[in-house]
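Novice: Below you'll find protein_3.cif; it's mmCIF, C-alpha atoms.
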```cif
data_my_file
#
loop_
_atom_site.label_atom_id
_atom_site.label_comp_id
_atom_site.auth_asym_id
_atom_site.auth_seq_id
_atom_site.Cartn_x
_atom_site.Cartn_y
_atom_site.Cartn_z
CA MET A 170 122.70 25.95 84.85
CA SER A 171 119.69 27.81 86.25
CA GLN A 172 117.50 26.27 88.87
CA ARG A 173 113.81 27.13 88.89
CA THR A 174 111.72 27.38 92.03
CA THR A 175 109.39 24.38 92.28
CA HIS A 176 106.18 26.39 92.17
CA ALA A 177 107.27 28.82 89.44
CA ALA A 178 105.51 28.70 86.09
CA PRO A 179 107.44 28.00 82.86
CA ASP A 180 108.78 31.15 81.23
CA PRO A 181 106.11 31.43 78.47
CA ALA A 182 103.31 30.99 81.02
CA LEU A 183 104.94 33.49 83.39
CA ARG A 184 105.19 36.08 80.63
CA LYS A 185 101.52 35.54 79.74
CA VAL A 186 100.48 35.94 83.37
CA THR A 187 102.54 39.12 83.72
CA VAL A 188 101.21 40.66 80.52
CA ALA A 189 97.61 39.86 81.49
CA ALA A 190 98.08 41.34 84.95
CA ILE A 191 99.67 44.46 83.47
CA ALA A 192 96.84 44.95 80.97
CA GLY A 193 94.17 44.68 83.63
CA THR A 194 96.05 46.91 86.06
CA VAL A 195 96.57 49.65 83.47
CA ILE A 196 92.88 49.72 82.65
CA GLU A 197 91.79 49.49 86.30
CA TRP A 198 94.00 52.35 87.45
CA PHE A 199 93.34 54.48 84.40
CA ASP A 200 89.72 54.47 85.50
CA PHE A 201 90.71 55.46 89.02
CA ALA A 202 93.31 58.06 87.96
CA ILE A 203 91.20 60.08 85.57
CA TYR A 204 89.12 61.45 88.46
CA GLY A 205 92.16 63.22 89.90
CA PHE A 206 93.16 64.79 86.59
CA MET A 207 89.62 66.00 85.94
CA ALA A 208 89.12 67.30 89.49
CA PRO A 209 88.87 71.03 88.56
CA ALA A 210 86.19 70.34 85.89
CA ILE A 211 84.37 67.90 88.17
CA ALA A 212 84.28 70.56 90.91
CA LEU A 213 82.49 72.94 88.53
CA ALA A 214 80.07 70.29 87.26
CA PHE A 215 78.93 68.77 90.55
CA PHE A 216 79.06 71.60 93.06
CA PRO A 217 77.32 75.00 93.03
CA GLU A 218 79.31 78.07 92.10
CA GLY A 219 81.10 79.76 94.99
CA ASN A 220 84.52 79.48 96.58
CA PRO A 221 86.69 77.52 94.13
CA VAL A 222 88.88 76.19 96.96
CA THR A 223 85.78 74.86 98.74
CA ALA A 224 84.55 73.15 95.56
CA LEU A 225 87.97 71.58 95.03
CA LEU A 226 88.06 70.38 98.64
CA GLN A 227 84.61 68.83 98.19
CA THR A 228 85.79 67.09 95.03
CA PHE A 229 88.87 65.70 96.80
CA ALA A 230 86.69 64.72 99.77
CA ILE A 231 84.73 62.44 97.43
CA PHE A 232 88.10 61.25 96.10
CA ALA A 233 88.95 60.27 99.69
CA VAL A 234 85.55 58.65 100.31
CA ALA A 235 86.32 56.10 97.60
CA PHE A 236 89.40 55.13 99.56
CA ALA A 237 87.28 54.48 102.63
CA LEU A 238 85.61 51.67 100.65
CA ARG A 239 88.92 50.18 99.57
CA PRO A 240 89.64 48.31 102.84
CA ILE A 241 86.12 46.85 102.73
CA GLY A 242 86.65 45.82 99.11
CA GLY A 243 90.07 44.48 100.01
CA ALA A 244 88.63 42.30 102.78
CA PHE A 245 85.71 41.13 100.60
CA PHE A 246 87.68 40.34 97.45
CA GLY A 247 90.69 39.14 99.45
CA MET A 248 88.61 36.48 101.20
CA MET A 249 87.04 35.56 97.85
CA GLY A 250 90.49 35.30 96.29
CA ASP A 251 91.74 33.08 99.11
CA ARG A 252 88.64 30.91 98.79
CA ILE A 253 87.79 30.58 95.08
CA GLY A 254 91.08 31.66 93.49
CA ARG A 255 92.96 34.73 92.26
CA LYS A 256 92.00 34.87 88.59
CA ARG A 257 88.20 34.93 89.01
CA VAL A 258 88.34 37.81 91.46
CA LEU A 259 90.69 39.82 89.25
CA ALA A 260 88.29 39.48 86.32
CA LEU A 261 85.40 40.67 88.49
CA THR A 262 87.19 43.70 89.97
CA VAL A 263 88.14 45.18 86.59
CA LEU A 264 84.57 44.75 85.31
CA LEU A 265 83.09 46.53 88.35
CA MET A 266 85.60 49.37 88.10
CA SER A 267 84.88 49.99 84.43
CA CYS A 268 81.11 50.08 84.93
CA ALA A 269 81.42 52.58 87.79
CA THR A 270 83.80 54.77 85.81
CA ALA A 271 81.51 54.86 82.77
CA ALA A 272 78.63 55.78 85.09
CA ILE A 273 80.50 58.89 86.27
CA GLY A 274 80.66 60.06 82.67
CA LEU A 275 76.88 59.80 82.40
CA ILE A 276 75.79 61.54 85.64
CA PRO A 277 73.97 64.86 85.02
CA ASN A 278 75.58 67.96 86.55
CA HIS A 279 74.47 70.00 89.56
CA GLU A 280 72.56 72.46 87.41
CA SER A 281 70.33 69.63 86.12
CA ILE A 282 69.59 67.54 89.23
CA GLY A 283 70.96 69.55 92.14
CA ILE A 284 72.42 67.73 95.13
CA TRP A 285 71.70 64.35 93.54
CA ALA A 286 74.60 64.96 91.17
CA ALA A 287 77.07 64.88 94.07
CA VAL A 288 75.23 61.93 95.65
CA LEU A 289 75.44 59.83 92.48
CA LEU A 290 79.07 60.82 92.00
CA THR A 291 79.82 59.64 95.52
CA VAL A 292 78.04 56.31 94.93
CA ALA A 293 80.00 55.71 91.71
CA ARG A 294 83.26 56.57 93.44
CA CYS A 295 82.40 54.17 96.26
CA VAL A 296 81.93 51.35 93.74
CA GLN A 297 85.27 52.31 92.20
CA GLY A 298 86.92 52.19 95.61
CA PHE A 299 85.27 48.89 96.50
CA SER A 300 86.49 47.19 93.32
CA ALA A 301 89.94 48.79 93.50
CA GLY A 302 90.30 47.25 96.96
CA GLY A 303 90.67 43.83 95.36
CA GLU A 304 92.80 44.85 92.40
CA TYR A 305 96.39 45.74 93.16
CA ALA A 306 97.20 43.27 95.94
CA GLY A 307 95.47 40.54 93.95
CA ALA A 308 97.35 41.29 90.73
CA VAL A 309 100.70 41.36 92.54
CA THR A 310 99.88 38.15 94.42
CA TYR A 311 98.89 36.41 91.20
CA VAL A 312 102.14 37.34 89.44
CA ILE A 313 104.45 36.61 92.37
CA GLU A 314 102.89 33.19 92.98
CA HIS A 315 104.07 32.26 89.48
CA ALA A 316 107.59 33.74 89.80
CA PRO A 317 110.97 32.24 90.82
CA ASP A 318 112.05 33.08 94.37
CA HIS A 319 115.14 35.07 93.34
CA GLN A 320 113.24 37.16 90.74
CA ARG A 321 110.03 38.09 92.55
CA SER A 322 110.71 41.82 92.58
CA ARG A 323 111.74 41.70 88.92
CA TYR A 324 108.30 40.43 87.94
CA SER A 325 106.22 42.25 90.54
CA SER A 326 107.84 45.60 89.59
CA TRP A 327 105.76 45.51 86.41
CA MET A 328 102.66 46.13 88.54
CA PRO A 329 103.75 49.57 89.84
CA SER A 330 105.06 50.23 86.33
CA ALA A 331 101.59 49.47 84.99
CA THR A 332 100.03 51.72 87.61
CA PHE A 333 102.25 54.67 86.72
CA ALA A 334 101.64 53.96 83.02
CA SER A 335 97.90 54.09 83.59
CA PHE A 336 98.24 57.49 85.27
CA ALA A 337 100.42 58.62 82.35
CA LEU A 338 97.72 57.49 79.92
CA ALA A 339 95.08 59.37 81.91
CA ALA A 340 97.26 62.48 81.97
CA LEU A 341 97.96 62.20 78.24
CA ILE A 342 94.27 61.99 77.37
CA SER A 343 93.61 64.91 79.71
CA TYR A 344 96.35 66.86 77.90
CA PHE A 345 94.86 66.25 74.45
CA LEU A 346 91.45 67.32 75.74
CA ALA A 347 92.91 70.46 77.32
CA VAL A 348 94.68 71.35 74.05
CA GLY A 349 91.84 70.41 71.70
CA LEU A 350 88.92 71.90 73.60
CA SER A 351 88.15 75.34 74.93
CA THR A 352 87.76 75.78 78.69
CA ALA A 353 84.00 76.05 78.23
CA GLU A 354 83.84 72.84 76.17
CA MET A 355 86.02 70.99 78.67
CA ASN A 356 83.82 72.02 81.59
CA ALA A 357 80.59 71.33 79.70
CA TRP A 358 81.28 67.86 78.29
CA GLY A 359 84.95 67.24 77.52
CA TRP A 360 85.79 65.91 80.98
CA ARG A 361 83.25 63.10 80.47
CA VAL A 362 85.06 61.55 77.48
CA PRO A 363 87.80 59.62 79.34
CA PHE A 364 85.24 58.22 81.78
CA LEU A 365 83.15 56.83 78.94
CA VAL A 366 86.23 55.21 77.37
CA ALA A 367 86.26 52.90 80.42
CA ALA A 368 83.42 50.72 79.16
CA PRO A 369 85.08 49.10 76.10
CA LEU A 370 88.48 48.96 77.84
CA GLY A 371 86.91 47.15 80.78
CA LEU A 372 85.38 44.50 78.54
CA VAL A 373 88.78 43.85 76.97
CA ALA A 374 90.43 43.48 80.39
CA PHE A 375 87.65 41.20 81.61
CA TYR A 376 88.11 38.93 78.60
CA ILE A 377 91.89 38.75 79.10
CA ARG A 378 91.70 37.96 82.80
CA SER A 379 88.88 35.45 82.52
CA HIS A 380 91.09 33.28 80.29
CA LEU A 381 93.98 32.95 82.73
CA ARG A 382 94.94 29.88 84.76
CA GLU A 383 94.98 29.72 88.53
CA SER A 384 98.12 30.45 90.56
CA PRO A 385 100.19 27.26 91.15
CA LEU A 386 100.83 28.09 94.82
CA PHE A 387 97.13 28.62 95.50
CA GLN A 388 96.29 25.42 93.64
CA LYS A 389 98.86 23.53 95.72
CA VAL A 390 97.37 24.74 99.01
CA LEU A 391 93.85 24.06 97.76
CA GLU A 392 94.73 20.48 96.87
CA SER A 393 96.59 19.83 100.12
CA SER A 394 94.03 21.27 102.56
CA GLY A 395 90.80 21.30 100.61
CA VAL A 396 89.69 24.59 102.22
CA PRO A 397 92.56 27.09 102.09
CA HIS A 398 90.48 30.08 103.18
CA SER A 399 90.70 31.58 106.68
CA SER A 400 88.13 34.01 108.08
CA LEU A 401 88.97 37.69 108.35
CA GLY A 402 89.01 37.39 112.12
CA GLN A 403 91.48 34.51 112.02
CA THR A 404 93.67 36.38 109.56
CA LEU A 405 93.76 39.50 111.73
CA ALA A 406 94.41 37.50 114.90
CA VAL A 407 97.45 35.75 113.46
CA GLN A 408 98.85 38.37 111.06
CA TRP A 409 98.15 41.68 112.83
CA LYS A 410 101.78 42.39 113.75
CA SER A 411 103.00 41.85 110.20
CA MET A 412 100.07 43.86 108.83
CA LEU A 413 100.79 46.77 111.20
CA ARG A 414 104.48 46.91 110.35
CA LEU A 415 103.93 46.64 106.62
CA GLY A 416 101.10 49.18 106.79
CA GLY A 417 103.40 51.65 108.55
CA TYR A 418 105.79 51.51 105.62
CA ILE A 419 103.03 51.61 102.99
CA SER A 420 101.86 54.93 104.49
CA LEU A 421 104.87 56.54 102.79
CA THR A 422 104.24 54.63 99.56
CA ALA A 423 100.64 55.83 99.49
CA VAL A 424 101.19 59.51 100.20
CA SER A 425 104.19 59.80 97.87
CA PHE A 426 102.27 58.10 95.05
CA TYR A 427 99.27 60.44 95.18
CA ILE A 428 101.22 63.61 95.95
CA PHE A 429 103.39 62.85 92.93
CA SER A 430 100.87 61.38 90.48
CA THR A 431 97.65 63.27 91.26
CA TYR A 432 98.10 66.30 93.51
CA MET A 433 101.13 67.78 91.74
CA THR A 434 99.04 68.72 88.71
CA THR A 435 96.50 70.44 90.98
CA PHE A 436 99.32 72.24 92.82
CA LEU A 437 100.86 73.55 89.61
CA ARG A 438 97.52 74.60 88.13
CA SER A 439 95.59 75.89 91.15
CA VAL A 440 98.41 77.17 93.39
CA MET A 441 101.12 78.16 90.91
CA HIS A 442 98.59 79.07 88.14
CA MET A 443 100.54 77.38 85.37
CA PRO A 444 98.75 76.61 82.06
CA ALA A 445 96.83 73.34 82.18
CA ASP A 446 98.25 71.92 78.94
CA ARG A 447 101.87 72.46 80.02
CA VAL A 448 101.24 71.03 83.47
CA LEU A 449 99.61 67.91 82.07
CA MET A 450 102.38 67.35 79.54
CA SER A 451 105.07 67.66 82.22
CA ASN A 452 103.10 65.16 84.29
CA VAL A 453 102.90 62.75 81.34
CA VAL A 454 106.69 62.89 81.00
CA ALA A 455 107.23 62.34 84.73
CA LEU A 456 104.75 59.45 84.93
CA THR A 457 106.24 57.82 81.82
CA PHE A 458 109.65 58.11 83.45
CA ALA A 459 108.25 56.48 86.60
CA ALA A 460 106.74 53.62 84.58
CA ALA A 461 110.05 53.10 82.76
CA ILE A 462 112.30 52.95 85.83
CA ALA A 463 110.10 50.62 87.93
CA PRO A 464 111.24 47.47 86.02
CA VAL A 465 114.84 48.68 86.47
CA ILE A 466 114.49 49.08 90.24
CA GLY A 467 112.81 45.65 90.54
CA PRO A 468 115.91 43.54 89.79
CA ILE A 469 118.00 45.88 91.96
CA CYS A 470 115.62 45.19 94.83
CA ASP A 471 116.17 41.45 94.29
CA ARG A 472 119.93 41.94 94.52
CA VAL A 473 120.26 44.35 97.45
CA GLY A 474 117.26 43.12 99.46
CA ARG A 475 113.97 44.56 100.66
CA ARG A 476 115.24 46.45 103.72
CA ALA A 477 117.97 48.29 101.79
CA THR A 478 115.39 49.29 99.18
CA MET A 479 112.97 50.52 101.84
CA PHE A 480 115.68 52.62 103.51
CA ALA A 481 116.65 54.05 100.11
CA SER A 482 113.06 55.16 99.52
CA VAL A 483 112.93 56.79 102.96
CA VAL A 484 116.11 58.76 102.22
CA LEU A 485 114.92 59.80 98.75
CA LEU A 486 111.47 60.95 99.87
CA GLY A 487 112.45 62.33 103.26
CA GLY A 488 115.44 64.21 101.90
CA LEU A 489 114.30 65.40 98.47
CA SER A 490 110.59 66.26 98.80
CA VAL A 491 111.14 69.79 100.14
CA PRO A 492 113.79 70.65 97.51
CA ALA A 493 111.45 69.28 94.84
CA TYR A 494 108.59 71.52 95.94
CA ILE A 495 110.92 74.52 96.12
CA LEU A 496 111.78 73.84 92.48
CA ALA A 497 108.10 73.39 91.52
CA SER A 498 107.16 76.65 93.24
CA SER A 499 109.46 78.64 90.95
CA GLY A 500 106.65 78.67 88.40
CA THR A 501 108.68 77.53 85.37
CA LEU A 502 107.84 74.44 83.36
CA GLY A 503 111.41 73.13 83.39
CA HIS A 504 111.70 73.35 87.17
CA ALA A 505 108.27 71.78 87.58
CA LEU A 506 109.34 68.82 85.43
CA VAL A 507 112.60 68.33 87.34
CA ALA A 508 110.67 68.48 90.62
CA GLN A 509 108.34 65.71 89.43
CA LEU A 510 111.25 63.55 88.26
CA VAL A 511 112.90 63.92 91.68
CA LEU A 512 109.70 62.89 93.45
CA ALA A 513 109.32 60.00 91.01
CA LEU A 514 112.60 58.40 92.13
CA GLY A 515 111.44 58.02 95.70
CA ALA A 516 107.83 57.18 94.87
CA VAL A 517 108.80 54.44 92.41
CA THR A 518 111.33 52.91 94.79
CA ALA A 519 108.71 52.76 97.54
CA ASN A 520 106.10 51.28 95.20
CA VAL A 521 108.42 48.59 93.82
CA VAL A 522 109.44 47.24 97.22
CA THR A 523 105.86 47.50 98.52
CA ALA A 524 104.61 45.38 95.61
CA VAL A 525 106.85 42.43 96.43
CA LEU A 526 106.47 42.74 100.21
CA LEU A 527 102.70 42.37 99.90
CA SER A 528 103.18 38.73 98.97
CA GLU A 529 106.37 37.90 100.86
CA VAL A 530 105.12 38.80 104.33
CA PHE A 531 102.04 36.54 104.41
CA PRO A 532 101.38 32.79 103.86
CA THR A 533 99.42 31.58 100.83
CA LYS A 534 96.13 30.73 102.55
CA VAL A 535 95.69 34.33 103.81
CA ARG A 536 97.96 36.19 101.37
CA TYR A 537 95.26 37.86 99.28
CA THR A 538 93.18 38.89 102.32
CA ALA A 539 96.05 40.11 104.53
CA SER A 540 97.84 41.98 101.76
CA ALA A 541 94.67 43.59 100.37
CA VAL A 542 93.47 44.76 103.79
CA THR A 543 96.91 46.08 104.77
CA TYR A 544 97.47 47.83 101.47
CA ASN A 545 94.03 49.40 101.27
CA ILE A 546 93.80 50.59 104.87
CA SER A 547 97.14 52.33 104.41
CA TYR A 548 96.00 53.87 101.13
CA ALA A 549 92.66 54.91 102.65
CA LEU A 550 94.37 56.69 105.55
CA PHE A 551 97.28 58.23 103.68
CA GLY A 552 96.78 57.94 99.90
CA GLY A 553 93.15 58.90 99.44
CA THR A 554 93.46 61.80 101.86
CA ALA A 555 96.76 63.09 100.42
CA PRO A 556 95.29 65.59 97.87
CA PHE A 557 92.76 66.84 100.44
CA ILE A 558 95.37 67.24 103.20
CA ALA A 559 97.82 68.91 100.82
CA THR A 560 95.18 71.39 99.65
CA TYR A 561 94.01 72.01 103.23
CA LEU A 562 97.52 72.51 104.65
CA ILE A 563 98.43 75.08 102.02
CA ASP A 564 95.12 76.91 102.50
CA VAL A 565 95.44 77.00 106.31
CA THR A 566 99.16 77.65 106.70
CA GLY A 567 99.83 79.62 103.54
CA ASN A 568 103.01 77.54 103.14
CA ILE A 569 103.24 76.06 99.66
CA LEU A 570 105.87 73.59 100.90
CA ALA A 571 103.34 71.96 103.27
CA PRO A 572 102.79 68.84 101.08
CA ALA A 573 106.54 68.16 101.02
CA ILE A 574 106.81 68.60 104.79
CA TYR A 575 103.95 66.11 105.16
CA ILE A 576 105.85 63.54 103.06
CA THR A 577 109.00 64.13 105.11
CA ALA A 578 107.13 63.50 108.37
CA LEU A 579 105.72 60.21 107.06
CA ALA A 580 109.22 59.18 105.98
CA GLY A 581 110.09 59.03 109.67
CA LEU A 582 107.21 56.62 110.33
CA ALA A 583 108.23 54.50 107.34
CA PHE A 584 111.81 54.29 108.61
CA ILE A 585 110.64 52.76 111.90
CA ALA A 586 108.39 50.28 110.07
CA ALA A 587 111.19 49.31 107.68
CA TRP A 588 113.48 48.67 110.63
CA LEU A 589 110.93 46.30 112.16
CA LEU A 590 110.18 44.34 108.97
CA PRO A 591 112.27 41.22 108.27
CA GLU A 592 114.41 40.68 105.19
CA THR A 593 112.38 38.52 102.81
CA ALA A 594 114.36 38.65 99.55
CA GLY A 595 114.97 35.17 98.15
CA ARG A 596 113.12 33.38 100.92
CA PRO A 597 110.95 30.55 99.51
CA LEU A 598 107.43 31.91 99.16
CA ASP A 599 105.88 28.63 100.29
CA GLY A 600 108.13 28.54 103.38
CA LEU A 601 105.46 30.46 105.29
CA ASP A 602 102.95 27.73 104.41
CA GLN A 603 104.82 25.07 106.41
CA PRO A 604 103.31 23.96 109.73
CA VAL A 605 105.21 24.98 112.85
CA GLY A 606 108.13 22.60 113.35
CA ALA A 607 108.08 21.33 109.79
CA PRO A 608 111.39 21.25 107.88
CA GLN A 609 111.89 24.37 105.76
CA PRO A 610 112.71 24.25 102.05
CA SER A 611 116.38 23.89 101.20
CA ARG A 612 118.37 27.12 101.11
CA ALA A 613 119.91 25.86 97.88
CA ARG A 614 116.78 27.07 96.13
CA LEU A 615 117.57 30.64 97.15
CA SER A 616 120.75 30.96 95.17
CA VAL A 617 120.68 33.10 92.05
CA GLN A 618 122.09 30.93 89.35
#
```
What would you get if you wrote out this structure as structure tokens?
Specialist:
Amino acid sequence: MSQRTTHAAPDPALRKVTVAAIAGTVIEWFDFAIYGFMAPAIALAFFPEGNPVTALLQTFAIFAVAFALRPIGGAFFGMMGDRIGRKRVLALTVLLMSCATAAIGLIPNHESIGIWAAVLLTVARCVQGFSAGGEYAGAVTYVIEHAPDHQRSRYSSWMPSATFASFALAALISYFLAVGLSTAEMNAWGWRVPFLVAAPLGLVAFYIRSHLRESPLFQKVLESSGVPHSSLGQTLAVQWKSMLRLGGYISLTAVSFYIFSTYMTTFLRSVMHMPADRVLMSNVVALTFAAAIAPVIGPICDRVGRRATMFASVVLLGGLSVPAYILASSGTLGHALVAQLVLALGAVTANVVTAVLLSEVFPTKVRYTASAVTYNISYALFGGTAPFIATYLIDVTGNILAPAIYITALAGLAFIAAWLLPETAGRPLDGLDQPVGAPQPSRARLSVQ
């Protein structure tokens, strides 16, 4: 007979929470992803004609600027989420993201308003980054705080699955635009279409999230202490070691995610000069594969543990990234697809274990803040800069394997961080909420029935 964790929601409620989180995450990250897929057209629209590599670097620089706002957004929305609750903040972040994304689709190009085009694009991207800072860690926290202890990775794995699915959706729309429009039409107005789609999708996501209930663990802490929120300074003072260790591992998660999901299309189109429609379709297949295997890896992570899953991701990414790029550099569509599927295995594994660790490492009263700040600083330093660094390294060194070598180097850092992180699989999530010296919850609750 199964035994449910005391804080876990009933199965119907848990499914509703998971579906709502997935829906919002897909829409939120679709908005964020479409910028990467439209980077070549955006470079032409917002920067004067000249060196195409320089224009692409400027476009990816603005891509990275948005990530600089993510830690600020993570701290802001994290503290809000730890003070007023998870569900209200999640409704707000998806609304902000959708408005900023729709705004990008309406900004006049450089030919019309000159430098102000790039300025307005940067502002819109900053709003995107600010709102995204409160999204992923909050969505994962919300789901995990409803889940049974022995199935946390099973449920949280749907969040990286939703993220990869959103990138697949963005790539699929980009593919249909590339096939249905001429290059001139795409550069003139076609690239704006997916950005404008964000407005109605955002309203749907806002409605879904605004009708959710609060997390039972957060509600429990709120009722017991009255004021569950800690200041950012207090959170950093107490949690900095855990944040540093987890952030070291997330560096690999971040760079592998964006090298796989965003930069690979640019590499195949701009470096290998493959046709845009074929590149985008291969990316759709690879991203769909990634979205499909994430919920498979989640239960495996529950069974083998977090550390074993982290080490597996290090081996996959550190050992297979260079062979994958050698395959991709052959210039054939089949090899490019296999290369992306190989990268997907490591990237998905890293993302699945990162999702559950975000909530397992920190106590409830600071969970949203600590996880959002850790996650977004790591993504700002390593994820947002990944396309820029990859483009720069190839341009400077002339070595088309440079992005893979970069991933391999970060795998070494992630290995050290994984070694320092504790095993958290099955541990009661509210165990970290106990005062020092208080009796811990019974280990009987950890057994998988």
Novice: Can you pull out every residue within 7 Å of region 185-190 of chain A, counting all atoms listed in the file, but drop anything in the same chain fewer than 5 positions away, and send it as a PyMOL selection string?
Specialist: chain A and resi 308+312+377-378
Novice: Determine the residue set returned by the PyMOL selection byres ((chain A and resi 463-476) around 7) for the present structure, and present it as a ChimeraX atom specification.
Specialist: /A:319-320,322-323,326-327,329-330,459-462,477-480,517-518,521-522,587,592-594
Novice: Quote the spacing between CA of Phe531 (chain A) and CA of Gly303 (chain A) in Å to one decimal place.
Specialist: 16.3 Å
Novice: Taking into account all atoms listed in the file, which residue in the set A:Leu589, A:Ala244, A:Ala580, A:Ile563 is nearest to Leu489 (chain A)?
Specialist: A:Ala580
Novice: Would you mind telling me which residue in A:Leu449, A:Leu264, A:Leu213, A:Ala368 lies nearest to Leu346 (chain A) when using only C-alpha atoms?
Specialist: A:Leu449
Novice: Grab the CA of Ala235 (chain A) to CA of Asn545 (chain A) distance for me, in Å with one decimal place.
Specialist: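 So the two atoms, CA of Ala235 (chain A) and CA of Asn545 (chain A), lie 10.9 Å apart.
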Novice: To one decimal in Å, tell me the separation between CA of Leu338 (chain A) and CA of Phe245 (chain A).
Specialist: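 Computing it gives 29.0 Å between the two atoms.
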Novice: When you look at Ala578 (chain A) with a cut-off of 12 Å (counting all atoms listed in the file), what residues show up, excluding the ones that are within fewer than 2 positions of it in the same chain? I need them as a PyMOL selection string.
Specialist: chain A and resi 420-421+424-425+483-484+486-488+490-491+571-576+580-585
Novice: Taking all listed atoms of region 524-533 of chain A, build the axis-aligned box, pad each of the six sides by 5 Å, then write its centre and edge lengths in Å to one decimal as JSON.
Specialist:
```
{"center_x": 103.1, "center_y": 38.5, "center_z": 100.0, "size_x": 17.4, "size_y": 23.8, "size_z": 18.8}
```
Novice: Enumerate, as a compact mmCIF listing (two decimals) with C-alpha atoms, in the coordinates of the input, the residues matched when the PyMOL selection byres ((chain A and resi 212) around 9) is run on the file above.
Specialist:
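Written out: result.txt:
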```txt
# COMPACT_ATOMS: atom_id res chain seq x y z
CA MET A 207 89.62 66.00 85.94
CA ALA A 208 89.12 67.30 89.49
CA PRO A 209 88.87 71.03 88.56
CA ALA A 210 86.19 70.34 85.89
CA ILE A 211 84.37 67.90 88.17
CA LEU A 213 82.49 72.94 88.53
CA ALA A 214 80.07 70.29 87.26
CA PHE A 215 78.93 68.77 90.55
CA PHE A 216 79.06 71.60 93.06
CA PRO A 217 77.32 75.00 93.03
CA PRO A 221 86.69 77.52 94.13
CA ALA A 224 84.55 73.15 95.56
CA LEU A 225 87.97 71.58 95.03
CA LEU A 226 88.06 70.38 98.64
CA GLN A 227 84.61 68.83 98.19
CA THR A 228 85.79 67.09 95.03
CA PHE A 229 88.87 65.70 96.80
```
Novice: When the PyMOL selection byres ((chain A and resi 253-260) around 7) is applied to the file above, which residues end up in the set, as a short mmCIF file (atom, residue, chain, number, x, y, z; two decimals) with C-alpha atoms, keeping the file's coordinate frame?
Specialist:
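See selection.cif below for the written result:
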```cif
data_model
loop_
_atom_site.label_atom_id
_atom_site.label_comp_id
_atom_site.auth_asym_id
_atom_site.auth_seq_id
_atom_site.Cartn_x
_atom_site.Cartn_y
_atom_site.Cartn_z
CA PHE A 246 87.68 40.34 97.45
CA MET A 249 87.04 35.56 97.85
CA GLY A 250 90.49 35.30 96.29
CA ASP A 251 91.74 33.08 99.11
CA ARG A 252 88.64 30.91 98.79
CA LEU A 261 85.40 40.67 88.49
CA THR A 262 87.19 43.70 89.97
CA VAL A 263 88.14 45.18 86.59
CA LEU A 264 84.57 44.75 85.31
CA GLU A 304 92.80 44.85 92.40
CA GLY A 307 95.47 40.54 93.95
CA ALA A 308 97.35 41.29 90.73
CA TYR A 311 98.89 36.41 91.20
CA PHE A 375 87.65 41.20 81.61
CA ARG A 378 91.70 37.96 82.80
CA SER A 379 88.88 35.45 82.52
CA LEU A 381 93.98 32.95 82.73
CA ARG A 382 94.94 29.88 84.76
CA GLU A 383 94.98 29.72 88.53
CA SER A 384 98.12 30.45 90.56
#
```
Novice: Hey, which of A:Ile282, A:Leu289, A:Ala519, A:Leu496 ends up closest to Ile569 (chain A)? Count only C-alpha atoms.
Specialist: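 Closest to Ile569 (chain A) of all the choices is A:Leu496.
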Novice: For Ala555 (chain A), please output as a PyMOL selection string all residues within 8 Å (counting only C-alpha atoms; exclusion window: fewer than 6 positions along the same chain).
Specialist: chain A and resi 424+427-428+432
